[in-house]
file upload36.tsv (TSV, N, CA and C atoms)
chain	number	residue	atom	x	y	z
W	1	MET	N	72.54	86.40	121.03
W	1	MET	CA	73.43	85.54	120.32
W	1	MET	C	74.02	86.28	119.13
W	2	SER	N	75.32	86.17	118.90
W	2	SER	CA	75.95	86.88	117.80
W	2	SER	C	76.19	85.95	116.62
W	3	ASP	N	76.25	86.56	115.43
W	3	ASP	CA	76.54	85.78	114.23
W	3	ASP	C	78.04	85.56	114.14
W	4	ILE	N	78.43	84.34	113.90
W	4	ILE	CA	79.84	84.00	113.76
W	4	ILE	C	80.07	83.54	112.33
W	5	SER	N	81.03	84.16	111.69
W	5	SER	CA	81.33	83.83	110.31
W	5	SER	C	82.08	82.51	110.26
W	6	SER	N	81.73	81.68	109.31
W	6	SER	CA	82.41	80.39	109.16
W	6	SER	C	83.64	80.50	108.28
W	7	GLY	N	83.96	81.66	107.83
W	7	GLY	CA	85.13	81.85	106.98
W	7	GLY	C	85.09	83.23	106.36
W	8	PRO	N	86.11	83.56	105.58
W	8	PRO	CA	86.12	84.88	104.96
W	8	PRO	C	85.00	85.02	103.95
W	9	HIS	N	84.39	86.20	103.94
W	9	HIS	CA	83.31	86.49	103.01
W	9	HIS	C	83.87	87.31	101.86
W	10	HIS	N	83.63	86.86	100.66
W	10	HIS	CA	84.12	87.57	99.48
W	10	HIS	C	82.94	87.97	98.62
W	11	ASP	N	82.92	89.23	98.22
W	11	ASP	CA	81.91	89.67	97.26
W	11	ASP	C	82.29	89.11	95.90
W	12	PRO	N	81.30	88.78	95.09
W	12	PRO	CA	81.64	88.29	93.76
W	12	PRO	C	82.32	89.38	92.94
W	13	GLY	N	83.26	88.97	92.12
W	13	GLY	CA	83.91	89.90	91.21
W	13	GLY	C	83.04	90.08	89.98
W	14	ARG	N	83.20	91.19	89.33
W	14	ARG	CA	82.46	91.45	88.09
W	14	ARG	C	83.45	91.36	86.95
W	15	TYR	N	83.12	90.55	85.97
W	15	TYR	CA	84.01	90.34	84.84
W	15	TYR	C	83.31	90.72	83.55
W	16	GLU	N	84.10	91.19	82.60
W	16	GLU	CA	83.65	91.44	81.24
W	16	GLU	C	84.61	90.69	80.34
W	17	ILE	N	84.20	89.53	79.90
W	17	ILE	CA	85.06	88.69	79.08
W	17	ILE	C	84.76	89.00	77.62
W	18	ARG	N	85.76	89.46	76.91
W	18	ARG	CA	85.57	89.84	75.51
W	18	ARG	C	86.11	88.71	74.63
W	19	LEU	N	85.25	88.26	73.71
W	19	LEU	CA	85.58	87.18	72.80
W	19	LEU	C	85.59	87.68	71.36
W	20	LYS	N	86.42	87.07	70.53
W	20	LYS	CA	86.44	87.41	69.12
W	20	LYS	C	85.26	86.73	68.44
W	21	GLY	N	84.47	87.49	67.69
W	21	GLY	CA	83.31	86.97	67.00
W	21	GLY	C	82.03	87.25	67.77
W	22	HIS	N	80.91	87.06	67.11
W	22	HIS	CA	79.60	87.30	67.73
W	22	HIS	C	78.97	85.97	68.13
W	23	LEU	N	78.35	85.95	69.32
W	23	LEU	CA	77.60	84.80	69.80
W	23	LEU	C	76.12	85.16	69.84
W	24	ASP	N	75.27	84.21	69.53
W	24	ASP	CA	73.82	84.42	69.64
W	24	ASP	C	73.44	84.52	71.11
W	25	SER	N	72.32	85.17	71.38
W	25	SER	CA	71.84	85.35	72.75
W	25	SER	C	71.50	84.01	73.41
W	26	ARG	N	71.26	82.96	72.62
W	26	ARG	CA	70.95	81.65	73.20
W	26	ARG	C	72.09	81.09	74.03
W	27	TRP	N	73.31	81.59	73.83
W	27	TRP	CA	74.47	81.13	74.60
W	27	TRP	C	74.46	81.66	76.03
W	28	ALA	N	73.64	82.66	76.33
W	28	ALA	CA	73.60	83.24	77.68
W	28	ALA	C	73.27	82.17	78.73
W	29	ALA	N	72.36	81.28	78.43
W	29	ALA	CA	72.01	80.22	79.39
W	29	ALA	C	73.21	79.31	79.65
W	30	TRP	N	73.97	79.02	78.61
W	30	TRP	CA	75.15	78.16	78.77
W	30	TRP	C	76.21	78.85	79.63
W	31	PHE	N	76.25	80.17	79.55
W	31	PHE	CA	77.18	80.94	80.37
W	31	PHE	C	76.52	81.40	81.68
W	32	ASP	N	75.70	80.54	82.25
W	32	ASP	CA	75.09	80.76	83.57
W	32	ASP	C	74.30	82.06	83.68
W	33	GLY	N	73.64	82.45	82.60
W	33	GLY	CA	72.79	83.63	82.64
W	33	GLY	C	73.52	84.96	82.59
W	34	LEU	N	74.82	84.97	82.35
W	34	LEU	CA	75.54	86.24	82.21
W	34	LEU	C	75.05	86.92	80.93
W	35	SER	N	75.16	88.23	80.89
W	35	SER	CA	74.68	88.96	79.71
W	35	SER	C	75.70	88.86	78.57
W	36	LEU	N	75.18	88.77	77.36
W	36	LEU	CA	76.01	88.73	76.15
W	36	LEU	C	75.66	89.94	75.31
W	37	THR	N	76.70	90.68	74.91
W	37	THR	CA	76.51	91.86	74.08
W	37	THR	C	77.43	91.76	72.88
W	38	ASN	N	76.86	91.84	71.67
W	38	ASN	CA	77.66	91.85	70.45
W	38	ASN	C	78.05	93.29	70.13
W	39	GLU	N	79.33	93.52	70.01
W	39	GLU	CA	79.85	94.86	69.74
W	39	GLU	C	80.07	95.08	68.25
W	40	LYS	N	80.14	96.34	67.84
W	40	LYS	CA	80.33	96.70	66.43
W	40	LYS	C	81.70	96.28	65.91
W	41	ASP	N	82.67	96.09	66.84
W	41	ASP	CA	84.02	95.72	66.41
W	41	ASP	C	84.16	94.22	66.14
W	42	GLY	N	83.04	93.48	66.18
W	42	GLY	CA	83.08	92.06	65.87
W	42	GLY	C	83.36	91.17	67.07
W	43	THR	N	83.28	91.73	68.28
W	43	THR	CA	83.51	90.94	69.49
W	43	THR	C	82.20	90.77	70.26
W	44	THR	N	82.22	89.81	71.17
W	44	THR	CA	81.10	89.60	72.10
W	44	THR	C	81.62	89.82	73.51
W	45	ILE	N	80.85	90.52	74.32
W	45	ILE	CA	81.20	90.71	75.73
W	45	ILE	C	80.26	89.87	76.57
W	46	ILE	N	80.85	88.99	77.38
W	46	ILE	CA	80.10	88.22	78.37
W	46	ILE	C	80.33	88.94	79.69
W	47	CYS	N	79.25	89.41	80.32
W	47	CYS	CA	79.40	90.31	81.46
W	47	CYS	C	78.53	89.89	82.63
W	48	GLY	N	79.08	90.06	83.85
W	48	GLY	CA	78.29	89.83	85.04
W	48	GLY	C	79.13	89.40	86.21
W	49	PRO	N	78.48	89.16	87.35
W	49	PRO	CA	79.20	88.75	88.54
W	49	PRO	C	79.62	87.28	88.46
W	50	VAL	N	80.80	87.01	88.95
W	50	VAL	CA	81.32	85.64	89.03
W	50	VAL	C	81.65	85.39	90.49
W	51	ALA	N	81.06	84.36	91.08
W	51	ALA	CA	81.09	84.14	92.52
W	51	ALA	C	82.50	84.03	93.11
W	52	ASP	N	83.38	83.28	92.45
W	52	ASP	CA	84.71	83.05	93.02
W	52	ASP	C	85.65	82.55	91.93
W	53	GLN	N	86.88	82.23	92.32
W	53	GLN	CA	87.87	81.78	91.34
W	53	GLN	C	87.47	80.48	90.67
W	54	SER	N	86.84	79.60	91.42
W	54	SER	CA	86.40	78.33	90.85
W	54	SER	C	85.36	78.56	89.75
W	55	ALA	N	84.43	79.46	90.01
W	55	ALA	CA	83.41	79.79	89.00
W	55	ALA	C	84.05	80.44	87.78
W	56	LEU	N	85.07	81.29	88.01
W	56	LEU	CA	85.77	81.93	86.89
W	56	LEU	C	86.48	80.88	86.04
W	57	HIS	N	87.13	79.92	86.68
W	57	HIS	CA	87.81	78.86	85.93
W	57	HIS	C	86.80	78.05	85.12
W	58	GLY	N	85.63	77.77	85.69
W	58	GLY	CA	84.59	77.06	84.95
W	58	GLY	C	84.12	77.85	83.75
W	59	LEU	N	83.98	79.16	83.92
W	59	LEU	CA	83.57	80.03	82.82
W	59	LEU	C	84.62	80.04	81.71
W	60	LEU	N	85.88	80.11	82.10
W	60	LEU	CA	86.96	80.11	81.11
W	60	LEU	C	87.07	78.76	80.40
W	61	GLN	N	86.75	77.67	81.09
W	61	GLN	CA	86.73	76.36	80.43
W	61	GLN	C	85.64	76.31	79.37
W	62	LYS	N	84.50	76.93	79.65
W	62	LYS	CA	83.43	76.98	78.66
W	62	LYS	C	83.87	77.76	77.42
W	63	VAL	N	84.58	78.87	77.65
W	63	VAL	CA	85.10	79.66	76.53
W	63	VAL	C	86.06	78.81	75.71
W	64	ARG	N	86.94	78.09	76.41
W	64	ARG	CA	87.90	77.22	75.72
W	64	ARG	C	87.17	76.15	74.92
W	65	ASP	N	86.18	75.50	75.53
W	65	ASP	CA	85.43	74.44	74.86
W	65	ASP	C	84.68	74.95	73.63
W	66	LEU	N	84.26	76.20	73.69
W	66	LEU	CA	83.55	76.81	72.56
W	66	LEU	C	84.49	77.05	71.38
W	67	GLY	N	85.79	77.20	71.66
W	67	GLY	CA	86.78	77.38	70.61
W	67	GLY	C	86.84	78.79	70.05
W	68	VAL	N	86.32	79.76	70.79
W	68	VAL	CA	86.32	81.15	70.35
W	68	VAL	C	87.52	81.85	70.99
W	69	PRO	N	88.29	82.61	70.21
W	69	PRO	CA	89.45	83.29	70.78
W	69	PRO	C	89.06	84.29	71.88
W	70	LEU	N	89.80	84.27	72.96
W	70	LEU	CA	89.61	85.18	74.08
W	70	LEU	C	90.42	86.43	73.81
W	71	VAL	N	89.79	87.61	73.95
W	71	VAL	CA	90.46	88.87	73.64
W	71	VAL	C	90.93	89.57	74.91
W	72	TRP	N	90.04	89.66	75.93
W	72	TRP	CA	90.38	90.48	77.09
W	72	TRP	C	89.49	90.13	78.26
W	73	ILE	N	90.03	90.19	79.50
W	73	ILE	CA	89.24	89.96	80.71
W	73	ILE	C	89.58	91.02	81.75
W	74	PRO	N	88.94	92.19	81.71
W	74	PRO	CA	89.15	93.14	82.80
W	74	PRO	C	88.35	92.70	84.02
W	75	HIS	N	88.83	93.02	85.20
W	75	HIS	CA	88.16	92.61	86.44
W	75	HIS	C	87.89	93.83	87.30
W	76	SER	N	86.76	93.86	87.89
W	76	SER	CA	86.43	94.89	88.86
W	76	SER	C	85.77	94.19	90.02
W	77	TYR	N	85.81	94.80	91.17
W	77	TYR	CA	85.21	94.19	92.34
W	77	TYR	C	84.48	95.26	93.13
W	78	ASN	N	83.51	94.80	93.92
W	78	ASN	CA	82.63	95.73	94.62
W	78	ASN	C	83.37	96.64	95.59
W	79	GLY	N	84.47	96.18	96.16
W	79	GLY	CA	85.19	96.98	97.14
W	79	GLY	C	85.98	98.12	96.54
W	80	CYS	N	86.15	98.13	95.23
W	80	CYS	CA	86.92	99.17	94.58
W	80	CYS	C	86.05	100.40	94.39
W	81	LYS	N	86.35	101.44	95.11
W	81	LYS	CA	85.57	102.68	95.00
W	81	LYS	C	86.32	103.74	94.19
W	82	GLN	N	87.49	103.36	93.69
W	82	GLN	CA	88.32	104.30	92.96
W	82	GLN	C	87.89	104.45	91.50
W	83	HIS	N	87.36	103.38	90.92
W	83	HIS	CA	87.00	103.36	89.51
W	83	HIS	C	85.62	102.77	89.33
W	84	GLY	N	85.03	103.03	88.18
W	84	GLY	CA	83.79	102.36	87.81
W	84	GLY	C	84.10	100.92	87.42
W	85	PRO	N	83.09	100.06	87.28
W	85	PRO	CA	83.33	98.65	86.99
W	85	PRO	C	84.00	98.40	85.65
W	86	ASP	N	83.95	99.35	84.74
W	86	ASP	CA	84.57	99.13	83.44
W	86	ASP	C	85.77	100.03	83.20
W	87	GLU	N	86.33	100.60	84.26
W	87	GLU	CA	87.42	101.54	84.09
W	87	GLU	C	88.80	100.98	84.41
W	88	HIS	N	88.89	99.74	84.83
W	88	HIS	CA	90.21	99.14	85.08
W	88	HIS	C	90.84	98.83	83.74
W	89	LEU	N	92.11	99.10	83.60
W	89	LEU	CA	92.75	98.78	82.34
W	89	LEU	C	94.02	98.00	82.57
W	90	LEU	N	94.41	97.26	81.56
W	90	LEU	CA	95.59	96.42	81.65
W	90	LEU	C	96.83	97.24	81.39
W	91	ALA	N	97.89	96.94	82.13
W	91	ALA	CA	99.13	97.71	82.01
W	91	ALA	C	99.74	97.59	80.62
W	92	GLY	N	99.72	96.40	80.03
W	92	GLY	CA	100.33	96.20	78.71
W	92	GLY	C	99.72	97.08	77.63
W	93	PRO	N	98.39	97.00	77.42
W	93	PRO	CA	97.78	97.86	76.40
W	93	PRO	C	97.94	99.35	76.71
W	94	ALA	N	97.91	99.72	78.00
W	94	ALA	CA	98.10	101.13	78.36
W	94	ALA	C	99.51	101.58	77.99
W	95	ARG	N	100.49	100.74	78.27
W	95	ARG	CA	101.88	101.05	77.95
W	95	ARG	C	102.08	101.19	76.44
W	96	GLU	N	101.46	100.28	75.67
W	96	GLU	CA	101.57	100.33	74.21
W	96	GLU	C	100.95	101.61	73.66
W	97	GLY	N	99.79	101.99	74.20
W	97	GLY	CA	99.12	103.21	73.76
W	97	GLY	C	99.95	104.45	74.07
W	98	LEU	N	100.51	104.50	75.27
W	98	LEU	CA	101.36	105.64	75.64
W	98	LEU	C	102.59	105.72	74.75
W	99	ALA	N	103.19	104.56	74.45
W	99	ALA	CA	104.37	104.54	73.59
W	99	ALA	C	104.02	105.04	72.18
W	100	ALA	N	102.86	104.64	71.67
W	100	ALA	CA	102.44	105.07	70.34
W	100	ALA	C	102.24	106.59	70.30
W	101	TYR	N	101.53	107.12	71.31
W	101	TYR	CA	101.30	108.56	71.34
W	101	TYR	C	102.60	109.34	71.57
W	102	THR	N	103.49	108.80	72.36
W	102	THR	CA	104.79	109.45	72.57
W	102	THR	C	105.55	109.53	71.25
W	103	GLY	N	105.50	108.44	70.48
W	103	GLY	CA	106.17	108.42	69.18
W	103	GLY	C	105.58	109.44	68.22
W	104	ILE	N	104.26	109.55	68.23
W	104	ILE	CA	103.60	110.53	67.34
W	104	ILE	C	104.03	111.95	67.71
W	105	TRP	N	103.98	112.25	69.02
W	105	TRP	CA	104.36	113.60	69.44
W	105	TRP	C	105.83	113.87	69.16
W	106	TRP	N	106.67	112.86	69.31
W	106	TRP	CA	108.10	113.01	69.03
W	106	TRP	C	108.29	113.33	67.55
W	107	ASP	N	107.59	112.57	66.69
W	107	ASP	CA	107.72	112.79	65.24
W	107	ASP	C	107.21	114.17	64.85
W	108	LEU	N	106.15	114.65	65.44
W	108	LEU	CA	105.65	115.98	65.16
W	108	LEU	C	106.67	117.05	65.56
W	109	GLY	N	107.31	116.85	66.70
W	109	GLY	CA	108.32	117.80	67.16
W	109	GLY	C	109.57	117.79	66.29
W	110	GLU	N	109.93	116.64	65.76
W	110	GLU	CA	111.11	116.50	64.92
W	110	GLU	C	110.95	117.23	63.60
W	111	SER	N	109.74	117.27	63.06
W	111	SER	CA	109.55	117.87	61.75
W	111	SER	C	109.56	119.39	61.82
W	112	GLY	N	109.56	119.95	63.00
W	112	GLY	CA	109.60	121.39	63.15
W	112	GLY	C	108.29	122.09	62.96
W	113	THR	N	107.19	121.34	62.84
W	113	THR	CA	105.89	121.98	62.69
W	113	THR	C	105.37	122.44	64.04
W	114	PRO	N	104.76	123.61	64.08
W	114	PRO	CA	104.27	124.11	65.36
W	114	PRO	C	103.06	123.36	65.86
call {"tool": "encode", "arguments": {"input": "upload36.tsv", "output": "structure tokens"}}
result
Amino acid sequence: MSDISSGPHHDPGRYEIRLKGHLDSRWAAWFDGLSLTNEKDGTTIICGPVADQSALHGLLQKVRDLGVPLVWIPHSYNGCKQHGPDEHLLAGPAREGLAAYTGIWWDLGESGTP
């Protein structure tokens, strides 16, 4: 007898939700056991696997209900073999960084300094 799938199988995505401000470790239970890490820059990272889009929406509702500003949500998934789980970056911040560095190099070239 063969196993028949009842629908598409999706691996859970891994999310690192960065919030402005520090949260105590007691909030981990409220966030379904995801890990909480307070960073030196004054943000908290909520990290771990999220089963599906519905679970992600529930997690984001909890962030909203907490009233803490959301800073960033990079996403990685198990099928991605091109990057590590924390190496995906957003196009907007990458574009801004490249523009800033381009401007710096342009200004250095304009002043005639070697």
call {"tool": "closest_residue", "arguments": {"input": "upload36.tsv", "among": "W:Ser54, W:Asp65, W:Ser25, W:Lys20", "to": "Asp41 (chain W)", "atoms": "only N, CA and C atoms"}}
result
W:Lys20
call {"tool": "axis_aligned_box", "arguments": {"input": "upload36.tsv", "around": "region 45-62 of chain W", "padding_each_side": "3 Å", "output": "lines of an AutoDock Vina configuration file"}}
result
center_x = 83.1
center_y = 83.5
center_z = 83.7
size_x = 15.6
size_y = 20.4
size_z = 24.8
call {"tool": "residues_around", "arguments": {"input": "upload36.tsv", "residues": "Trp30 (chain W)", "least_positions_apart": "6", "cutoff": "12 Å", "atoms": "only C-alpha atoms", "output": "JSON, numbers by chain"}}
result
{"W": [23, 24, 36, 46, 58, 59, 61, 62, 63, 65, 66]}
call {"tool": "residues_around", "arguments": {"input": "upload36.tsv", "residues": "Glu16 (chain W)", "least_positions_apart": "2", "cutoff": "8 Å", "atoms": "only C-alpha atoms", "output": "list in words"}}
result
Arg14, Arg18, Ile45, Ile46, Cys47, Gly48, Trp72, Ile73, Pro74 and His75 of chain W
call {"tool": "atom_distance", "arguments": {"input": "upload36.tsv", "atom1": "atom N of Pro69 (chain W)", "atom2": "CA of Gly97 (chain W)"}}
result
23.5 Å
call {"tool": "atom_distance", "arguments": {"input": "upload36.tsv", "atom1": "atom C of Asn38 (chain W)", "atom2": "CA of His22 (chain W)"}}
result
6.6 Å
call {"tool": "closest_residue", "arguments": {"input": "upload36.tsv", "among": "W:Leu70, W:Leu60, W:Leu98, W:Leu19", "to": "Thr44 (chain W)", "atoms": "all atoms listed in the file"}}
result
W:Leu19
call {"tool": "decode", "arguments": {"input": "upload36.tsv", "residues": "region 11-35 of chain W", "atoms": "N, CA and C atoms", "output": "PDB file, in the first residue's frame"}}
result
ATOM      1  N   ASP W  11       7.048  22.903   4.225  1.00  0.00           N
ATOM      2  CA  ASP W  11       7.914  22.997   5.392  1.00  0.00           C
ATOM      3  C   ASP W  11       7.652  24.338   6.056  1.00  0.00           C
ATOM      4  N   PRO W  12       7.753  24.387   7.371  1.00  0.00           N
ATOM      5  CA  PRO W  12       7.544  25.672   8.031  1.00  0.00           C
ATOM      6  C   PRO W  12       8.642  26.656   7.637  1.00  0.00           C
ATOM      7  N   GLY W  13       8.259  27.906   7.521  1.00  0.00           N
ATOM      8  CA  GLY W  13       9.236  28.956   7.253  1.00  0.00           C
ATOM      9  C   GLY W  13       9.896  29.370   8.549  1.00  0.00           C
ATOM     10  N   ARG W  14      11.073  29.900   8.451  1.00  0.00           N
ATOM     11  CA  ARG W  14      11.790  30.391   9.627  1.00  0.00           C
ATOM     12  C   ARG W  14      11.777  31.909   9.559  1.00  0.00           C
ATOM     13  N   TYR W  15      11.333  32.526  10.618  1.00  0.00           N
ATOM     14  CA  TYR W  15      11.231  33.976  10.657  1.00  0.00           C
ATOM     15  C   TYR W  15      12.056  34.529  11.804  1.00  0.00           C
ATOM     16  N   GLU W  16      12.575  35.721  11.594  1.00  0.00           N
ATOM     17  CA  GLU W  16      13.246  36.492  12.638  1.00  0.00           C
ATOM     18  C   GLU W  16      12.562  37.844  12.659  1.00  0.00           C
ATOM     19  N   ILE W  17      11.664  38.015  13.584  1.00  0.00           N
ATOM     20  CA  ILE W  17      10.893  39.251  13.670  1.00  0.00           C
ATOM     21  C   ILE W  17      11.617  40.187  14.631  1.00  0.00           C
ATOM     22  N   ARG W  18      12.021  41.324  14.127  1.00  0.00           N
ATOM     23  CA  ARG W  18      12.768  42.283  14.951  1.00  0.00           C
ATOM     24  C   ARG W  18      11.812  43.380  15.410  1.00  0.00           C
ATOM     25  N   LEU W  19      11.795  43.604  16.726  1.00  0.00           N
ATOM     26  CA  LEU W  19      10.934  44.599  17.337  1.00  0.00           C
ATOM     27  C   LEU W  19      11.766  45.688  17.988  1.00  0.00           C
ATOM     28  N   LYS W  20      11.227  46.892  18.031  1.00  0.00           N
ATOM     29  CA  LYS W  20      11.902  47.992  18.708  1.00  0.00           C
ATOM     30  C   LYS W  20      11.678  47.841  20.209  1.00  0.00           C
ATOM     31  N   GLY W  21      12.751  47.889  20.986  1.00  0.00           N
ATOM     32  CA  GLY W  21      12.670  47.746  22.430  1.00  0.00           C
ATOM     33  C   GLY W  21      13.016  46.334  22.867  1.00  0.00           C
ATOM     34  N   HIS W  22      13.236  46.164  24.153  1.00  0.00           N
ATOM     35  CA  HIS W  22      13.575  44.859  24.716  1.00  0.00           C
ATOM     36  C   HIS W  22      12.350  44.243  25.392  1.00  0.00           C
ATOM     37  N   LEU W  23      12.168  42.934  25.186  1.00  0.00           N
ATOM     38  CA  LEU W  23      11.113  42.172  25.852  1.00  0.00           C
ATOM     39  C   LEU W  23      11.759  41.207  26.834  1.00  0.00           C
ATOM     40  N   ASP W  24      11.114  40.986  27.959  1.00  0.00           N
ATOM     41  CA  ASP W  24      11.585  39.989  28.924  1.00  0.00           C
ATOM     42  C   ASP W  24      11.400  38.595  28.345  1.00  0.00           C
ATOM     43  N   SER W  25      12.177  37.650  28.834  1.00  0.00           N
ATOM     44  CA  SER W  25      12.099  36.268  28.355  1.00  0.00           C
ATOM     45  C   SER W  25      10.744  35.635  28.666  1.00  0.00           C
ATOM     46  N   ARG W  26       9.997  36.180  29.631  1.00  0.00           N
ATOM     47  CA  ARG W  26       8.683  35.621  29.956  1.00  0.00           C
ATOM     48  C   ARG W  26       7.703  35.717  28.797  1.00  0.00           C
ATOM     49  N   TRP W  27       7.975  36.596  27.826  1.00  0.00           N
ATOM     50  CA  TRP W  27       7.096  36.739  26.662  1.00  0.00           C
ATOM     51  C   TRP W  27       7.239  35.578  25.683  1.00  0.00           C
ATOM     52  N   ALA W  28       8.279  34.764  25.811  1.00  0.00           N
ATOM     53  CA  ALA W  28       8.501  33.641  24.890  1.00  0.00           C
ATOM     54  C   ALA W  28       7.299  32.691  24.882  1.00  0.00           C
ATOM     55  N   ALA W  29       6.718  32.426  26.026  1.00  0.00           N
ATOM     56  CA  ALA W  29       5.553  31.538  26.086  1.00  0.00           C
ATOM     57  C   ALA W  29       4.377  32.138  25.325  1.00  0.00           C
ATOM     58  N   TRP W  30       4.199  33.442  25.424  1.00  0.00           N
ATOM     59  CA  TRP W  30       3.101  34.109  24.719  1.00  0.00           C
ATOM     60  C   TRP W  30       3.314  34.047  23.209  1.00  0.00           C
ATOM     61  N   PHE W  31       4.573  34.031  22.799  1.00  0.00           N
ATOM     62  CA  PHE W  31       4.905  33.910  21.378  1.00  0.00           C
ATOM     63  C   PHE W  31       5.146  32.448  20.995  1.00  0.00           C
ATOM     64  N   ASP W  32       4.365  31.556  21.559  1.00  0.00           N
ATOM     65  CA  ASP W  32       4.366  30.131  21.202  1.00  0.00           C
ATOM     66  C   ASP W  32       5.730  29.465  21.323  1.00  0.00           C
ATOM     67  N   GLY W  33       6.516  29.876  22.307  1.00  0.00           N
ATOM     68  CA  GLY W  33       7.794  29.230  22.557  1.00  0.00           C
ATOM     69  C   GLY W  33       8.912  29.625  21.606  1.00  0.00           C
ATOM     70  N   LEU W  34       8.706  30.621  20.754  1.00  0.00           N
ATOM     71  CA  LEU W  34       9.792  31.090  19.885  1.00  0.00           C
ATOM     72  C   LEU W  34      10.858  31.736  20.762  1.00  0.00           C
ATOM     73  N   SER W  35      12.089  31.747  20.286  1.00  0.00           N
ATOM     74  CA  SER W  35      13.169  32.322  21.091  1.00  0.00           C
ATOM     75  C   SER W  35      13.153  33.848  21.001  1.00  0.00           C
TER      76      SER W  35
END
